[in-house]
Every structure is written in structure tokens, then in C-alpha cells.
>>> print(open('structure.pdb').read())   # PDB, C-alpha atoms
MODEL        1
ATOM      1  CA  MET A 268     -25.324  -1.299  -2.210
ATOM      2  CA  SER A 269     -24.598   2.349  -2.636
ATOM      3  CA  GLN A 270     -21.236   3.767  -3.619
ATOM      4  CA  THR A 271     -20.029   0.557  -5.237
ATOM      5  CA  GLU A 272     -17.303   0.749  -7.806
ATOM      6  CA  THR A 273     -19.241   0.143 -10.987
ATOM      7  CA  GLY A 274     -18.263  -0.734 -14.537
ATOM      8  CA  VAL A 275     -20.851  -0.506 -17.292
ATOM      9  CA  ASP A 276     -24.417   0.190 -16.131
ATOM     10  CA  HIS A 277     -25.596  -3.159 -14.766
ATOM     11  CA  ALA A 278     -28.963  -2.784 -16.466
ATOM     12  CA  THR A 279     -27.437  -2.866 -19.946
ATOM     13  CA  PRO A 280     -24.753  -5.581 -20.156
ATOM     14  CA  GLN A 281     -22.732  -5.309 -23.333
ATOM     15  CA  PRO A 282     -21.384  -8.557 -24.810
ATOM     16  CA  THR A 283     -17.983  -8.155 -26.367
ATOM     17  CA  ASP A 284     -15.263 -10.149 -28.163
ATOM     18  CA  GLN A 285     -12.436  -7.952 -26.852
ATOM     19  CA  ASP A 286      -9.583 -10.014 -25.401
ATOM     20  CA  GLY A 287     -11.602 -13.194 -25.904
ATOM     21  CA  VAL A 288     -14.249 -12.161 -23.360
ATOM     22  CA  ARG A 289     -17.603 -13.120 -24.779
ATOM     23  CA  GLY A 290     -20.723 -14.794 -23.564
ATOM     24  CA  LEU A 291     -20.243 -13.718 -19.945
ATOM     25  CA  ARG A 292     -23.348 -13.723 -17.755
ATOM     26  CA  ALA A 293     -23.575 -10.074 -16.713
ATOM     27  CA  PRO A 294     -24.032  -8.100 -14.592
ATOM     28  CA  ILE A 295     -21.191  -9.463 -12.496
ATOM     29  CA  LEU A 296     -20.634  -9.025  -8.760
ATOM     30  CA  LEU A 297     -16.876  -8.736  -8.239
ATOM     31  CA  ILE A 298     -15.795  -9.391  -4.638
ATOM     32  CA  GLY A 299     -12.282  -8.402  -3.553
ATOM     33  CA  PHE A 300     -11.894  -5.830  -6.317
ATOM     34  CA  ASP A 301      -8.861  -4.123  -4.778
ATOM     35  CA  GLY A 302      -6.634  -7.205  -4.499
ATOM     36  CA  MET A 303      -4.129  -8.505  -7.001
ATOM     37  CA  LEU A 304      -6.617 -10.659  -8.929
ATOM     38  CA  GLY A 305      -9.572  -8.324  -8.408
ATOM     39  CA  THR A 306      -7.590  -5.512 -10.010
ATOM     40  CA  ALA A 307      -6.918  -7.698 -13.043
ATOM     41  CA  PHE A 308     -10.647  -8.407 -13.399
ATOM     42  CA  ARG A 309     -11.562  -4.734 -13.053
ATOM     43  CA  ARG A 310      -9.142  -3.805 -15.815
ATOM     44  CA  LEU A 311     -10.365  -6.628 -18.045
ATOM     45  CA  PHE A 312     -14.064  -5.909 -17.581
ATOM     46  CA  THR A 313     -13.667  -2.144 -17.929
ATOM     47  CA  GLY A 314     -11.664  -2.524 -21.140
ATOM     48  CA  ALA A 315     -14.128  -5.037 -22.580
ATOM     49  CA  GLY A 316     -17.274  -3.136 -21.585
ATOM     50  CA  VAL A 317     -18.579  -5.895 -19.301
ATOM     51  CA  ALA A 318     -21.142  -4.832 -16.688
ATOM     52  CA  PHE A 319     -19.915  -5.292 -13.121
ATOM     53  CA  GLU A 320     -20.238  -3.932  -9.613
ATOM     54  CA  ALA A 321     -17.479  -4.072  -7.005
ATOM     55  CA  PRO A 322     -18.618  -3.390  -3.433
ATOM     56  CA  THR A 323     -16.250  -2.512  -0.625
ATOM     57  CA  ILE A 324     -15.937  -4.772   2.421
ATOM     58  CA  GLU A 325     -18.101  -2.310   4.348
ATOM     59  CA  GLN A 326     -20.846  -2.777   1.765
ATOM     60  CA  LEU A 327     -20.525  -6.548   1.501
ATOM     61  CA  ASP A 328     -18.910  -8.611   4.260
ATOM     62  CA  ILE A 329     -18.763 -12.162   2.937
ATOM     63  CA  THR A 330     -18.120 -13.575   6.412
ATOM     64  CA  ASP A 331     -21.573 -12.333   7.498
ATOM     65  CA  VAL A 332     -24.584 -14.330   6.302
ATOM     66  CA  ALA A 333     -27.004 -11.385   6.449
ATOM     67  CA  SER A 334     -24.628  -9.166   4.473
ATOM     68  CA  VAL A 335     -24.221 -11.845   1.807
ATOM     69  CA  ASP A 336     -27.956 -12.458   1.563
ATOM     70  CA  ASP A 337     -28.497  -8.731   1.062
ATOM     71  CA  GLY A 338     -25.532  -8.163  -1.260
ATOM     72  CA  VAL A 339     -25.943 -11.097  -3.658
ATOM     73  CA  ALA A 340     -29.006  -9.623  -5.304
ATOM     74  CA  PRO A 341     -31.012 -11.514  -7.964
ATOM     75  CA  ARG A 342     -29.873  -9.080 -10.648
ATOM     76  CA  PHE A 343     -26.323 -10.504 -10.549
ATOM     77  CA  ARG A 344     -25.907 -13.398 -12.922
ATOM     78  CA  THR A 345     -22.269 -14.110 -12.034
ATOM     79  CA  VAL A 346     -20.462 -13.716  -8.697
ATOM     80  CA  ILE A 347     -16.654 -13.713  -8.804
ATOM     81  CA  ASN A 348     -14.994 -14.122  -5.427
ATOM     82  CA  CYS A 349     -11.416 -12.817  -5.355
ATOM     83  CA  ALA A 350     -11.387 -12.321  -1.580
ATOM     84  CA  ALA A 351      -9.286 -14.774   0.425
ATOM     85  CA  TRP A 352      -6.928 -15.199   3.353
ATOM     86  CA  THR A 353      -3.609 -15.651   1.518
ATOM     87  CA  ASP A 354      -1.114 -15.337   4.378
ATOM     88  CA  VAL A 355       0.088 -18.955   4.530
ATOM     89  CA  ASP A 356       2.115 -18.542   7.712
ATOM     90  CA  GLY A 357      -0.498 -16.282   9.285
ATOM     91  CA  ALA A 358      -3.091 -19.033   8.915
ATOM     92  CA  GLU A 359      -1.028 -21.222  11.223
ATOM     93  CA  ALA A 360      -1.248 -18.539  13.915
ATOM     94  CA  ASP A 361      -4.928 -17.691  13.295
ATOM     95  CA  PRO A 362      -6.674 -20.740  11.814
ATOM     96  CA  ASP A 363     -10.095 -19.453  12.863
ATOM     97  CA  GLY A 364      -9.601 -16.221  10.948
ATOM     98  CA  ALA A 365      -8.421 -18.090   7.862
ATOM     99  CA  ARG A 366     -11.364 -20.482   8.100
ATOM    100  CA  ARG A 367     -13.923 -17.667   8.299
ATOM    101  CA  LEU A 368     -12.683 -16.140   5.049
ATOM    102  CA  ASN A 369     -11.516 -19.223   3.111
ATOM    103  CA  ALA A 370     -14.076 -21.830   4.160
ATOM    104  CA  GLU A 371     -17.192 -20.306   5.701
ATOM    105  CA  ALA A 372     -17.480 -17.248   3.424
ATOM    106  CA  PRO A 373     -17.455 -19.263   0.161
ATOM    107  CA  GLY A 374     -20.209 -21.400   1.667
ATOM    108  CA  HIS A 375     -22.307 -18.287   2.371
ATOM    109  CA  LEU A 376     -21.789 -17.096  -1.199
ATOM    110  CA  ALA A 377     -22.606 -20.515  -2.639
ATOM    111  CA  GLN A 378     -25.871 -20.720  -0.720
ATOM    112  CA  ALA A 379     -26.832 -17.234  -1.898
ATOM    113  CA  CYS A 380     -26.012 -18.123  -5.499
ATOM    114  CA  ALA A 381     -28.032 -21.323  -5.232
ATOM    115  CA  ARG A 382     -30.979 -19.171  -4.160
ATOM    116  CA  THR A 383     -30.630 -16.555  -6.911
ATOM    117  CA  GLY A 384     -29.401 -18.819  -9.737
ATOM    118  CA  ALA A 385     -26.121 -16.947 -10.208
ATOM    119  CA  THR A 386     -22.906 -18.675 -11.215
ATOM    120  CA  LEU A 387     -20.237 -18.550  -8.498
ATOM    121  CA  VAL A 388     -16.568 -18.322  -9.491
ATOM    122  CA  HIS A 389     -14.149 -19.092  -6.681
ATOM    123  CA  PHE A 390     -10.358 -19.408  -6.574
ATOM    124  CA  SER A 391      -8.506 -22.141  -4.750
ATOM    125  CA  THR A 392      -4.871 -23.193  -4.510
ATOM    126  CA  ASP A 393      -2.170 -25.794  -5.066
ATOM    127  CA  TYR A 394      -1.932 -26.036  -1.262
ATOM    128  CA  VAL A 395      -4.965 -28.358  -1.205
ATOM    129  CA  PHE A 396      -2.548 -31.085  -2.340
ATOM    130  CA  ASP A 397       0.254 -32.669  -0.300
ATOM    131  CA  GLY A 398       3.135 -31.240  -2.358
ATOM    132  CA  GLN A 399       4.922 -34.593  -2.507
ATOM    133  CA  ALA A 400       4.121 -35.673  -6.085
ATOM    134  CA  ASP A 401       6.554 -35.828  -8.996
ATOM    135  CA  THR A 402       4.060 -35.377 -11.845
ATOM    136  CA  PRO A 403       1.518 -32.544 -12.295
ATOM    137  CA  TYR A 404      -1.519 -32.721 -10.024
ATOM    138  CA  ARG A 405      -4.620 -33.639 -11.968
ATOM    139  CA  ILE A 406      -7.951 -32.078 -11.008
ATOM    140  CA  ASP A 407      -9.178 -35.342  -9.503
ATOM    141  CA  HIS A 408      -6.019 -36.034  -7.482
ATOM    142  CA  PRO A 409      -6.925 -36.703  -3.825
ATOM    143  CA  ILE A 410      -6.902 -33.592  -1.659
ATOM    144  CA  ALA A 411      -4.463 -33.821   1.257
ATOM    145  CA  PRO A 412      -3.540 -30.363   2.605
ATOM    146  CA  ARG A 413      -0.604 -30.112   5.024
ATOM    147  CA  THR A 414      -1.197 -26.549   6.282
ATOM    148  CA  GLU A 415      -3.999 -24.577   7.888
ATOM    149  CA  TYR A 416      -4.136 -22.425   4.769
ATOM    150  CA  GLY A 417      -4.534 -25.455   2.511
ATOM    151  CA  SER A 418      -7.097 -27.017   4.838
ATOM    152  CA  THR A 419      -9.268 -23.890   4.861
ATOM    153  CA  LYS A 420      -9.107 -23.573   1.071
ATOM    154  CA  ALA A 421     -10.058 -27.239   0.673
ATOM    155  CA  ALA A 422     -12.985 -26.689   3.042
ATOM    156  CA  GLY A 423     -14.078 -23.740   0.905
ATOM    157  CA  GLU A 424     -14.173 -25.962  -2.175
ATOM    158  CA  GLN A 425     -16.248 -28.536  -0.297
ATOM    159  CA  ALA A 426     -18.684 -25.908   0.994
ATOM    160  CA  ILE A 427     -19.362 -24.708  -2.546
ATOM    161  CA  GLN A 428     -19.879 -28.233  -3.830
ATOM    162  CA  ALA A 429     -22.242 -29.014  -0.952
ATOM    163  CA  ALA A 430     -24.421 -25.976  -1.740
ATOM    164  CA  ARG A 431     -25.024 -27.351  -5.265
ATOM    165  CA  CYS A 432     -24.995 -23.932  -6.873
ATOM    166  CA  ASP A 433     -23.825 -23.374 -10.438
ATOM    167  CA  HIS A 434     -20.101 -22.891  -9.918
ATOM    168  CA  LEU A 435     -16.605 -22.770 -11.318
ATOM    169  CA  ILE A 436     -13.736 -23.444  -8.897
ATOM    170  CA  ILE A 437     -10.308 -22.536 -10.245
ATOM    171  CA  ARG A 438      -7.131 -23.730  -8.556
ATOM    172  CA  THR A 439      -4.026 -21.678  -9.227
ATOM    173  CA  SER A 440      -0.519 -21.092  -7.841
ATOM    174  CA  TRP A 441       2.302 -18.563  -7.457
ATOM    175  CA  LEU A 442       0.181 -15.537  -8.399
ATOM    176  CA  TYR A 443       1.949 -12.341  -9.490
ATOM    177  CA  ALA A 444       1.063  -9.021 -11.137
ATOM    178  CA  PRO A 445       2.437  -5.532 -11.829
ATOM    179  CA  TRP A 446       0.543  -4.364  -8.712
ATOM    180  CA  GLY A 447      -0.113  -5.468  -5.148
ATOM    181  CA  ARG A 448       2.210  -7.553  -2.981
ATOM    182  CA  ASN A 449       3.746 -10.558  -4.706
ATOM    183  CA  PHE A 450       6.984 -12.427  -5.334
ATOM    184  CA  VAL A 451       7.891 -10.603  -8.557
ATOM    185  CA  LEU A 452       7.591  -7.109  -7.092
ATOM    186  CA  THR A 453       9.459  -8.228  -3.976
ATOM    187  CA  MET A 454      12.306  -9.615  -6.111
ATOM    188  CA  LEU A 455      12.477  -6.413  -8.152
ATOM    189  CA  ARG A 456      12.890  -4.423  -4.956
ATOM    190  CA  LEU A 457      15.400  -6.736  -3.284
ATOM    191  CA  LEU A 458      17.505  -7.228  -6.408
ATOM    192  CA  ALA A 459      17.750  -3.439  -6.719
ATOM    193  CA  GLU A 460      18.756  -3.045  -3.054
ATOM    194  CA  ARG A 461      21.153  -5.940  -2.478
ATOM    195  CA  PRO A 462      24.296  -7.198  -4.240
ATOM    196  CA  GLU A 463      23.240 -10.842  -3.858
ATOM    197  CA  LEU A 464      20.105 -12.766  -2.995
ATOM    198  CA  LYS A 465      19.467 -16.388  -2.030
ATOM    199  CA  VAL A 466      16.260 -18.044  -3.214
ATOM    200  CA  VAL A 467      15.036 -21.591  -2.621
ATOM    201  CA  ASN A 468      15.698 -24.023  -5.441
ATOM    202  CA  ASP A 469      13.950 -27.146  -4.110
ATOM    203  CA  GLN A 470      10.327 -26.008  -4.480
ATOM    204  CA  ARG A 471       8.878 -26.449  -7.968
ATOM    205  CA  GLY A 472       5.599 -25.064  -9.293
ATOM    206  CA  ARG A 473       3.865 -22.984 -11.938
ATOM    207  CA  PRO A 474       3.788 -19.168 -11.749
ATOM    208  CA  THR A 475       0.522 -17.492 -12.700
ATOM    209  CA  SER A 476       0.067 -13.981 -14.053
ATOM    210  CA  ALA A 477      -3.037 -12.420 -12.509
ATOM    211  CA  GLU A 478      -3.882 -10.926 -15.895
ATOM    212  CA  HIS A 479      -3.626 -14.364 -17.509
ATOM    213  CA  LEU A 480      -5.765 -15.853 -14.736
ATOM    214  CA  ALA A 481      -8.514 -13.235 -15.117
ATOM    215  CA  HIS A 482      -8.543 -13.573 -18.898
ATOM    216  CA  SER A 483      -8.556 -17.372 -18.765
ATOM    217  CA  THR A 484     -11.361 -17.365 -16.197
ATOM    218  CA  ALA A 485     -13.499 -15.197 -18.448
ATOM    219  CA  ARG A 486     -12.812 -17.496 -21.392
ATOM    220  CA  LEU A 487     -13.675 -20.579 -19.332
ATOM    221  CA  LEU A 488     -16.941 -18.973 -18.250
ATOM    222  CA  SER A 489     -17.756 -18.045 -21.840
ATOM    223  CA  ALA A 490     -17.048 -21.627 -22.909
ATOM    224  CA  GLY A 491     -19.497 -22.935 -20.310
ATOM    225  CA  ALA A 492     -16.883 -24.480 -17.990
ATOM    226  CA  ARG A 493     -18.195 -25.599 -14.616
ATOM    227  CA  SER A 494     -16.940 -27.672 -11.690
ATOM    228  CA  THR A 495     -13.153 -27.479 -11.073
ATOM    229  CA  PHE A 496     -10.317 -26.379 -13.374
ATOM    230  CA  HIS A 497      -6.641 -25.547 -12.971
ATOM    231  CA  VAL A 498      -5.299 -22.286 -14.423
ATOM    232  CA  CYS A 499      -1.600 -21.344 -14.377
ATOM    233  CA  ASP A 500       0.998 -20.112 -16.814
ATOM    234  CA  ALA A 501       2.526 -22.862 -18.952
ATOM    235  CA  GLY A 502       5.911 -24.287 -18.027
ATOM    236  CA  GLU A 503       7.311 -24.835 -14.548
ATOM    237  CA  CYS A 504      10.253 -23.656 -12.474
ATOM    238  CA  THR A 505      11.687 -23.304  -8.998
ATOM    239  CA  TRP A 506      11.505 -20.079  -7.018
ATOM    240  CA  PHE A 507      15.223 -19.614  -7.724
ATOM    241  CA  GLU A 508      14.688 -19.936 -11.477
ATOM    242  CA  PHE A 509      11.725 -17.569 -11.263
ATOM    243  CA  ALA A 510      13.767 -14.959  -9.360
ATOM    244  CA  ALA A 511      16.719 -15.275 -11.736
ATOM    245  CA  GLU A 512      14.436 -14.590 -14.702
ATOM    246  CA  VAL A 513      12.998 -11.533 -12.945
ATOM    247  CA  GLY A 514      16.518 -10.159 -12.551
ATOM    248  CA  ARG A 515      17.463 -10.959 -16.138
ATOM    249  CA  LEU A 516      14.375  -9.334 -17.642
ATOM    250  CA  ALA A 517      14.762  -6.221 -15.489
ATOM    251  CA  ASN A 518      18.506  -5.979 -16.151
ATOM    252  CA  LEU A 519      19.237  -5.859 -12.431
ATOM    253  CA  PRO A 520      22.894  -6.473 -11.539
ATOM    254  CA  ALA A 521      22.400  -8.396  -8.288
ATOM    255  CA  GLY A 522      23.284 -12.070  -8.290
ATOM    256  CA  VAL A 523      20.736 -14.750  -7.429
ATOM    257  CA  SER A 524      22.041 -17.878  -5.710
ATOM    258  CA  PRO A 525      20.150 -21.134  -5.001
ATOM    259  CA  CYS A 526      19.515 -22.370  -1.474
ATOM    260  CA  THR A 527      17.409 -25.042   0.207
ATOM    261  CA  THR A 528      14.096 -24.794   2.007
ATOM    262  CA  ALA A 529      15.810 -26.015   5.154
ATOM    263  CA  GLU A 530      17.942 -22.869   5.189
ATOM    264  CA  TYR A 531      14.817 -20.713   5.543
ATOM    265  CA  PRO A 532      12.310 -22.568   7.785
ATOM    266  CA  ARG A 533       8.787 -21.156   7.902
ATOM    267  CA  PRO A 534       5.847 -21.792  10.267
ATOM    268  CA  ALA A 535       3.884 -23.535   7.482
ATOM    269  CA  PRO A 536       5.580 -26.217   5.371
ATOM    270  CA  ARG A 537       5.985 -25.326   1.714
ATOM    271  CA  PRO A 538       5.219 -27.921  -0.977
ATOM    272  CA  ALA A 539       8.301 -29.346  -2.660
ATOM    273  CA  TYR A 540       6.271 -29.965  -5.817
ATOM    274  CA  SER A 541       3.039 -28.126  -6.599
ATOM    275  CA  VAL A 542       2.792 -28.199 -10.405
ATOM    276  CA  LEU A 543      -0.887 -28.205 -11.403
ATOM    277  CA  ASP A 544      -2.021 -30.120 -14.481
ATOM    278  CA  ILE A 545      -3.619 -27.556 -16.808
ATOM    279  CA  SER A 546      -4.414 -29.945 -19.690
ATOM    280  CA  ARG A 547      -8.190 -29.821 -19.157
ATOM    281  CA  THR A 548      -8.134 -26.028 -19.340
ATOM    282  CA  GLU A 549      -5.942 -25.967 -22.457
ATOM    283  CA  GLU A 550      -8.219 -28.483 -24.188
ATOM    284  CA  LEU A 551     -11.147 -26.119 -23.703
ATOM    285  CA  ILE A 552      -9.663 -22.646 -24.292
ATOM    286  CA  GLY A 553      -6.307 -23.288 -25.975
ATOM    287  CA  PRO A 554      -2.659 -23.206 -24.877
ATOM    288  CA  ALA A 555      -1.650 -21.088 -21.889
ATOM    289  CA  GLY A 556       1.113 -18.531 -22.339
ATOM    290  CA  HIS A 557       4.494 -19.593 -20.972
ATOM    291  CA  TRP A 558       5.452 -18.109 -17.620
ATOM    292  CA  ARG A 559       8.579 -16.494 -19.092
ATOM    293  CA  ASP A 560       6.496 -14.645 -21.686
ATOM    294  CA  ASN A 561       3.846 -13.575 -19.178
ATOM    295  CA  LEU A 562       6.551 -12.478 -16.751
ATOM    296  CA  ALA A 563       8.189 -10.364 -19.452
ATOM    297  CA  ARG A 564       4.917  -8.493 -19.984
ATOM    298  CA  VAL A 565       4.588  -7.850 -16.263
ATOM    299  CA  ILE A 566       8.177  -6.605 -15.997
ATOM    300  CA  GLN A 567       7.525  -4.223 -18.889
ATOM    301  CA  GLN A 568       4.516  -2.801 -17.037
ATOM    302  CA  THR A 569       6.390  -2.336 -13.772
ATOM    303  CA  ALA A 570       9.371  -0.601 -15.375
ATOM    304  CA  PRO A 571       8.306   0.612 -18.833
ATOM    305  CA  ALA A 572      11.374   2.832 -19.167
ATOM    306  CA  ALA A 573      13.824   0.038 -18.309
ATOM    307  CA  ASN A 574      16.020  -1.458 -20.946
ATOM    308  CA  THR A 575      14.596  -4.956 -20.572
ATOM    309  CA  ALA A 576      16.158  -8.026 -22.115
ATOM    310  CA  VAL A 577      13.702 -10.457 -23.692
TER     311      VAL A 577
ENDMDL
END
>>> encode(input="structure.pdb", output="C-alpha cells")
Amino acid sequence: MSQTETGVDHATPQPTDQDGVRGLRAPILLIGFDGMLGTAFRRLFTGAGVAFEAPTIEQLDITDVASVDDGVAPRFRTVINCAAWTDVDGAEADPDGARRLNAEAPGHLAQACARTGATLVHFSTDYVFDGQADTPYRIDHPIAPRTEYGSTKAAGEQAIQAARCDHLIIRTSWLYAPWGRNFVLTMLRLLAERPELKVVNDQRGRPTSAEHLAHSTARLLSAGARSTFHVCDAGECTWFEFAAEVGRLANLPAGVSPCTTAEYPRPAPRPAYSVLDISRTEELIGPAGHWRDNLARVIQQTAPAANTAV
């Protein structure tokens, strides 16, 4: 794989305690390096001196079996898959496309990792559940997706489990970062452009900072975690409460008003309740940072010169 984006020389992995990243099985193959989560991993690994390689899609197409067999070389001890179809509504219009990336591709990677002995890290979603609960979804709660997106992500989990490779599946929700396309950056833009904004107040979940997710994943790996875990920021909120806090932290003057899901119908149904139970993760690696605190750090990175209120 020529012309990959490379961290430390893969031949000389350097264990480190920086940011709690220690005991990682390097070198690492990082797939989807230019996305929101992939960027967080690149920054974490580069800062901590962890050996990784990050191929482009032209160099490694995870939907193609031959490309995966060639790209997942025996030298990689850990494969982190950050590539996914994340367009929830788009999956309703193109279920085959979503299935190729969310279900079939993880299966290809899992089979390759089973062959080479690498550990596969894969990210799943709250959408594998039905969204109708009133208490946090435990890891072993029955899967019952209600959308094409959720169905393809659930199938990806099952494909990995069927391959019997060494793996860590992490379910998460409401991902945001100082980069990429996400709810927080969209709210910052809209609240700066409009005098008032309506945001749904009848969907409750847990936001997740991409930086927190990358860091927590590394710590779980270092602690020997395998099978399935949930990783999100601590606390919970509605999208309205999340948006209001974005505006408050950024000192944006626009008002945020609550509305109902019914006022903004979408092709794919949104879960009314998608809070993931993170107790198993916190028992292993310690308490997660609260979403308000993690959000404040992201706001500071997006507008470092702003007079933010904390």
C-alpha cells in the first residue's frame, strides 16, 4: 500500500502512556482516516507516538474482498474501522449501498483479521435498538432496528461475530467534533445566521465527542476489552437541550425553541429514546466526561477567540 498516510514507522511501534494510551497492539491499520472519528484517531495516535497506517479508499476498498485481503497485511496487529454509511435517510433510498459498507465490508474485514490474527475494532450505533425504551439500553438488550441504517449496522455486528475474529465492537451515538459535518457545527452556523431556531425536544440520547470516543477506545483496547461495549459522553439530553447549550457556550444571540418530531418528518424514523448504558465501560476505564464538559472543549476548538461562557 504505497502512499498511505503513516504515523510512526510501523516497524518500530512505540508504547506510550500519553493521554492514557498504553498497551495498544501496533502497528495499527486505520480505515476511514479522513472522517470525523478517523481524524480524532489520527490526532491521538500521532500525539502519542503510536504506529499506524491510514490508506485512502483507492488503496483499500473495504467493500472489495480482494482489496481487503491484500490490504489487511499480517504486519497489522490492530485494524480500526471508522468507515461507515452514516446518512440515515439516504440508507432508506439506497439500502443496497448502505448494506455494502455497513454490513458486508465489516464481514470482509473480520474474515481477514481472523486469518491474520489482528484485533478488529468496529463502530456501531444506537439505531440497532428500537428507540422505544425508557431506561438506558444495556449491551445485551435485544436488537430491533427500525430503519435501513440500523438494520445494516446490526448486520455488520453479526458478520463480525460470525467470523470469530478477535474483536471489539463499540456502539455510540450523536457523534460530534470540531471538524467534519455534525450537529454541533451545523448549530454553530445556523445560530449565527438566524434570529431563531427550532430543534426537536422529544428525542433523548447521549452526545459523544469524537475525541472522547477515540481516547476511550484506545483505553478499552489497552485494558483488554473485547466483544461489545457502549461509549458515549456521560449525561443525557434532547436535541433541543444540546442545541441550546451550543448557543450558550458560543455566546450566540439566536434563540432556540423546542418543537416536536412530528413537525419535521424525515424518511427514516428517529428514536424517541436512544440512551446507551455505559456502565460496563465506566467500570473498566473509569467515569466518562459529561457531555456539557466535552462540548465546551469542542466549542473552544472551533472558536478559540470567542468569549465563551462555561
>>> resolve_selection(input="structure.pdb", expression="the PyMOL selection byres ((chain A and resi 399) around 10)", output="ChimeraX atom specification")
/A:396-398,400-402,538-541
>>> resolve_selection(input="structure.pdb", expression="the PyMOL selection byres ((chain A and resi 383-390) around 6)", output="PyMOL selection string")
chain A and resi 341+344-348+380-382+391+433-438
>>> residues_around(input="structure.pdb", residues="A:Met454", least_positions_apart="4", cutoff="8 Å", atoms="only C-alpha atoms", output="PyMOL selection string")
chain A and resi 450+458+510+513-514
>>> resolve_selection(input="structure.pdb", expression="the PyMOL selection byres ((chain A and resi 536) around 10)", output="ChimeraX atom specification")
/A:355-356,398,413-414,528,532-535,537-539
>>> residues_near_point(input="structure.pdb", point="(13.2, -10.2, -14.4)", cutoff="9 Å", atoms="only C-alpha atoms", output="PDB file with C-alpha atoms, in the coordinates of the input")
ATOM      1  CA  VAL A 451       7.891 -10.603  -8.557  1.00  0.00           C
ATOM      2  CA  MET A 454      12.306  -9.615  -6.111  1.00  0.00           C
ATOM      3  CA  LEU A 455      12.477  -6.413  -8.152  1.00  0.00           C
ATOM      4  CA  PHE A 509      11.725 -17.569 -11.263  1.00  0.00           C
ATOM      5  CA  ALA A 510      13.767 -14.959  -9.360  1.00  0.00           C
ATOM      6  CA  ALA A 511      16.719 -15.275 -11.736  1.00  0.00           C
ATOM      7  CA  GLU A 512      14.436 -14.590 -14.702  1.00  0.00           C
ATOM      8  CA  VAL A 513      12.998 -11.533 -12.945  1.00  0.00           C
ATOM      9  CA  GLY A 514      16.518 -10.159 -12.551  1.00  0.00           C
ATOM     10  CA  ARG A 515      17.463 -10.959 -16.138  1.00  0.00           C
ATOM     11  CA  LEU A 516      14.375  -9.334 -17.642  1.00  0.00           C
ATOM     12  CA  ALA A 517      14.762  -6.221 -15.489  1.00  0.00           C
ATOM     13  CA  ASN A 518      18.506  -5.979 -16.151  1.00  0.00           C
ATOM     14  CA  LEU A 519      19.237  -5.859 -12.431  1.00  0.00           C
ATOM     15  CA  LEU A 562       6.551 -12.478 -16.751  1.00  0.00           C
ATOM     16  CA  ALA A 563       8.189 -10.364 -19.452  1.00  0.00           C
ATOM     17  CA  ILE A 566       8.177  -6.605 -15.997  1.00  0.00           C
ATOM     18  CA  THR A 575      14.596  -4.956 -20.572  1.00  0.00           C
ATOM     19  CA  ALA A 576      16.158  -8.026 -22.115  1.00  0.00           C
TER      20      ALA A 576
END
>>> atom_distance(input="structure.pdb", atom1="atom CA of A:Phe308", atom2="atom CA of A:Gln425")
24.7 Å
>>> atom_distance(input="structure.pdb", atom1="atom CA of A:Ala490", atom2="atom CA of A:Gly374")
24.8 Å
>>> residues_near_point(input="structure.pdb", point="(10.2, -27.1, -9.5)", cutoff="7 Å", atoms="all atoms listed in the file", output="PDB file with C-alpha atoms, keeping the file's coordinate frame")
ATOM      1  CA  ASP A 469      13.950 -27.146  -4.110  1.00  0.00           C
ATOM      2  CA  GLN A 470      10.327 -26.008  -4.480  1.00  0.00           C
ATOM      3  CA  ARG A 471       8.878 -26.449  -7.968  1.00  0.00           C
ATOM      4  CA  GLY A 472       5.599 -25.064  -9.293  1.00  0.00           C
ATOM      5  CA  GLU A 503       7.311 -24.835 -14.548  1.00  0.00           C
ATOM      6  CA  CYS A 504      10.253 -23.656 -12.474  1.00  0.00           C
ATOM      7  CA  THR A 505      11.687 -23.304  -8.998  1.00  0.00           C
ATOM      8  CA  TYR A 540       6.271 -29.965  -5.817  1.00  0.00           C
TER       9      TYR A 540
END
>>> atom_distance(input="structure.pdb", atom1="atom CA of A:His375", atom2="atom CA of A:Ala350")
13.1 Å
>>> closest_residue(input="structure.pdb", among="A:Arg564, A:Arg456, A:Lys465, A:Arg366", to="A:Val523", atoms="all atoms listed in the file")
A:Lys465
>>> closest_residue(input="structure.pdb", among="A:Thr392, A:Gln428, A:Ser418, A:Thr313", to="A:Leu442", atoms="only C-alpha atoms")
A:Thr392
>>> closest_residue(input="structure.pdb", among="A:Ala430, A:Asp407, A:His497, A:Asp331", to="A:Asp393", atoms="only C-alpha atoms")
A:His497
>>> closest_residue(input="structure.pdb", among="A:Ala360, A:Ala293, A:Leu368, A:Leu376", to="A:Val332", atoms="all atoms listed in the file")
A:Leu376
>>> residues_around(input="structure.pdb", residues="A:Phe507", least_positions_apart="5", cutoff="8 Å", atoms="all atoms listed in the file", output="short mmCIF file (atom, residue, chain, number, x, y, z; two decimals) with C-alpha atoms, keeping the file's coordinate frame")
data_model
loop_
_atom_site.label_atom_id
_atom_site.label_comp_id
_atom_site.auth_asym_id
_atom_site.auth_seq_id
_atom_site.Cartn_x
_atom_site.Cartn_y
_atom_site.Cartn_z
CA LYS A 465 19.47 -16.39 -2.03
CA VAL A 466 16.26 -18.04 -3.21
CA VAL A 467 15.04 -21.59 -2.62
CA ASN A 468 15.70 -24.02 -5.44
CA VAL A 523 20.74 -14.75 -7.43
CA SER A 524 22.04 -17.88 -5.71
CA PRO A 525 20.15 -21.13 -5.00
#
>>> closest_residue(input="structure.pdb", among="A:Tyr404, A:Trp506, A:Phe312, A:Trp352", to="A:Arg367", atoms="all atoms listed in the file")
A:Trp352
>>> closest_residue(input="structure.pdb", among="A:Leu480, A:Val498, A:Ala315, A:Ile295", to="A:Leu543", atoms="only C-alpha atoms")
A:Val498
